Amino acid sequence: MEGVSTERIVRRRSLRIVMRVPLYINPVNAPATDEWEPVETLVISLHGGMIRSRQQFPIGTTLDIRMRNKQRFTRGRVVWTRAGARDRGFEIGFEITEPPGFWEIKFPEDRWTEADHPVSTAAEGGTSYASLPKYIPMLVRDFMTTDLTILREDDVLLDATLVFARSSLRHIPILNGKQLVGIVTERDLKHYTPSILSGIPPDEYNRLMEATPLSKIMTRDPITIEPDKTVYEAAQILYDRRIGCLPVVEDGEIKGIITTTDMLNLLLQLLREKGLVPPGLAT
């Protein structure tokens, strides 16, 4: 067995958290003129994370990584990659190559396998393994969408129609100043928009689209949630009230929105993490 070590291997397995942290990435050897790609973080750990990217990076690629909402930088090395579901780009796993602490999150101590990793326990006067917490809260602020498209209550049907036509959005928060006063959904718009097939004259159709304020069709005083509430609480409200979204409000100002689509995305990630995806369907 020449050249084969019989030393016991110690493997570090950091706790992983399903969490969205908006990032920008760029290969370290990319030209300075290249734009950084905004990416969605799906899972993080003390030593790395998993992102969804439009482009595929070969294993071993070193990425410059920075947070979108904070001046924090690090570098990561691609350790695995796979095609995402349908047209969702690529899922990429990376390890952080610089000292840990980039996420500004206090992770529980690493789990270890194949070798003892004792920590002192004063009460017992001996050693034991560090126990992991049984519950780590997932907060609304970590999963909500913060890149919002908003309209004002004196904007009109045509404005909302154009927003929905140009995007995949299904809910638009309506503000008066900085205060949330309502929500307009695609269903609201279809209900109140006159049908051209009804025989309405074009001039009358245009007049209604340009003269009907959103304050007349919006859902007033929508149910909201605070960013520090748990995802479980948000899901319970969405289910109990049979609604499609919850505006996230803090100190009277809208900070984001969390929707049933966000919840389904989280469910898919958790199913993958738990290994509960049927054979042949994993992507």
# chains A, B, ... in the order shown; residues from 1 in each chain; ligands from 1
call {"tool": "residues_around", "arguments": {"residues": "region 60-71 of chain A", "least_positions_apart": "4", "cutoff": "7 Å", "atoms": "only C-alpha atoms", "output": "list of chain:residue names"}}
result
A:Pro22, A:Leu23, A:Tyr24, A:Ile25, A:Asn26, A:Pro27, A:Val28, A:Arg75, A:Gly76, A:Arg77, A:Val78, A:Val79
call {"tool": "write_last_selection", "arguments": {"atoms": "N, CA and C atoms", "output": "JSON list (two decimals), in the first residue's frame"}}
result
[["chain", "number", "residue", "atom", "x", "y", "z"],
["A", 22, "PRO", "N", -28.33, 38.93, -1.87],
["A", 22, "PRO", "CA", -28.06, 39.45, -3.22],
["A", 22, "PRO", "C", -26.57, 39.75, -3.40],
["A", 23, "LEU", "N", -25.97, 39.18, -4.45],
["A", 23, "LEU", "CA", -24.55, 39.33, -4.69],
["A", 23, "LEU", "C", -24.29, 39.79, -6.12],
["A", 24, "TYR", "N", -23.07, 40.30, -6.35],
["A", 24, "TYR", "CA", -22.52, 40.48, -7.68],
["A", 24, "TYR", "C", -21.30, 39.57, -7.79],
["A", 25, "ILE", "N", -21.10, 38.96, -8.97],
["A", 25, "ILE", "CA", -19.92, 38.13, -9.18],
["A", 25, "ILE", "C", -19.24, 38.50, -10.49],
["A", 26, "ASN", "N", -17.94, 38.21, -10.56],
["A", 26, "ASN", "CA", -17.16, 38.45, -11.76],
["A", 26, "ASN", "C", -15.90, 37.59, -11.67],
["A", 27, "PRO", "N", -15.53, 36.86, -12.71],
["A", 27, "PRO", "CA", -14.28, 36.11, -12.66],
["A", 27, "PRO", "C", -13.10, 37.04, -12.43],
["A", 28, "VAL", "N", -12.11, 36.59, -11.69],
["A", 28, "VAL", "CA", -10.99, 37.47, -11.33],
["A", 28, "VAL", "C", -10.19, 37.89, -12.56],
["A", 75, "ARG", "N", -13.52, 36.37, -2.17],
["A", 75, "ARG", "CA", -13.26, 35.56, -3.35],
["A", 75, "ARG", "C", -13.71, 34.14, -3.09],
["A", 76, "GLY", "N", -14.22, 33.50, -4.12],
["A", 76, "GLY", "CA", -14.69, 32.14, -3.98],
["A", 76, "GLY", "C", -14.22, 31.29, -5.15],
["A", 77, "ARG", "N", -14.04, 30.00, -4.90],
["A", 77, "ARG", "CA", -13.61, 29.06, -5.95],
["A", 77, "ARG", "C", -14.77, 28.12, -6.26],
["A", 78, "VAL", "N", -15.09, 28.00, -7.55],
["A", 78, "VAL", "CA", -16.18, 27.12, -7.99],
["A", 78, "VAL", "C", -15.78, 25.66, -7.73],
["A", 79, "VAL", "N", -16.63, 24.93, -7.01],
["A", 79, "VAL", "CA", -16.34, 23.53, -6.69],
["A", 79, "VAL", "C", -17.32, 22.56, -7.36]]
call {"tool": "residues_around", "arguments": {"residues": "Asp159 (chain A)", "least_positions_apart": "3", "cutoff": "9 Å", "atoms": "only C-alpha atoms", "output": "list in words"}}
result
Leu151, Asp155, Val156, Leu162, Val163, Phe164, Met209, Glu210 and Leu214 of chain A
call {"tool": "write_last_selection", "arguments": {"atoms": "C-alpha atoms", "output": "PDB file, in the first residue's frame"}}
result
ATOM      1  CA  LEU A 151     -46.808  52.838  -8.557  1.00  0.00           C
ATOM      2  CA  ASP A 155     -51.228  56.497 -11.568  1.00  0.00           C
ATOM      3  CA  VAL A 156     -53.676  54.993 -14.042  1.00  0.00           C
ATOM      4  CA  LEU A 162     -47.481  48.398 -19.074  1.00  0.00           C
ATOM      5  CA  VAL A 163     -45.721  47.165 -15.919  1.00  0.00           C
ATOM      6  CA  PHE A 164     -47.366  43.754 -16.092  1.00  0.00           C
ATOM      7  CA  MET A 209     -57.177  53.356 -19.585  1.00  0.00           C
ATOM      8  CA  GLU A 210     -55.671  56.828 -19.199  1.00  0.00           C
ATOM      9  CA  LEU A 214     -55.330  52.907  -9.539  1.00  0.00           C
TER      10      LEU A 214
END
call {"tool": "select_by_dssp", "arguments": {"residues": "region 25-216 of chain A", "states": "alpha helix (DSSP H)", "output": "list in words"}}
result
Leu157, Leu158, Asp159, Ala160, Thr161, Leu162, Val163, Phe164, Ala165, Arg166, Glu186, Arg187, Asp188, Leu189, Lys190, His191, Tyr192, Pro202, Asp203, Glu204, Tyr205, Asn206, Arg207, Leu208, Met209, Glu210 and Ala211 of chain A
call {"tool": "closest_residue", "arguments": {"among": "A:Asp142, A:Glu204, A:Glu104, A:Asp188", "to": "Thr41 (chain A)", "atoms": "only C-alpha atoms"}}
result
A:Asp142
call {"tool": "residues_around", "arguments": {"residues": "Ile183 (chain A)", "least_positions_apart": "5", "cutoff": "12 Å", "atoms": "only C-alpha atoms", "output": "PyMOL selection string"}}
result
chain A and resi 149-153+160+170-176+188-189+214-224+243-247+254+257
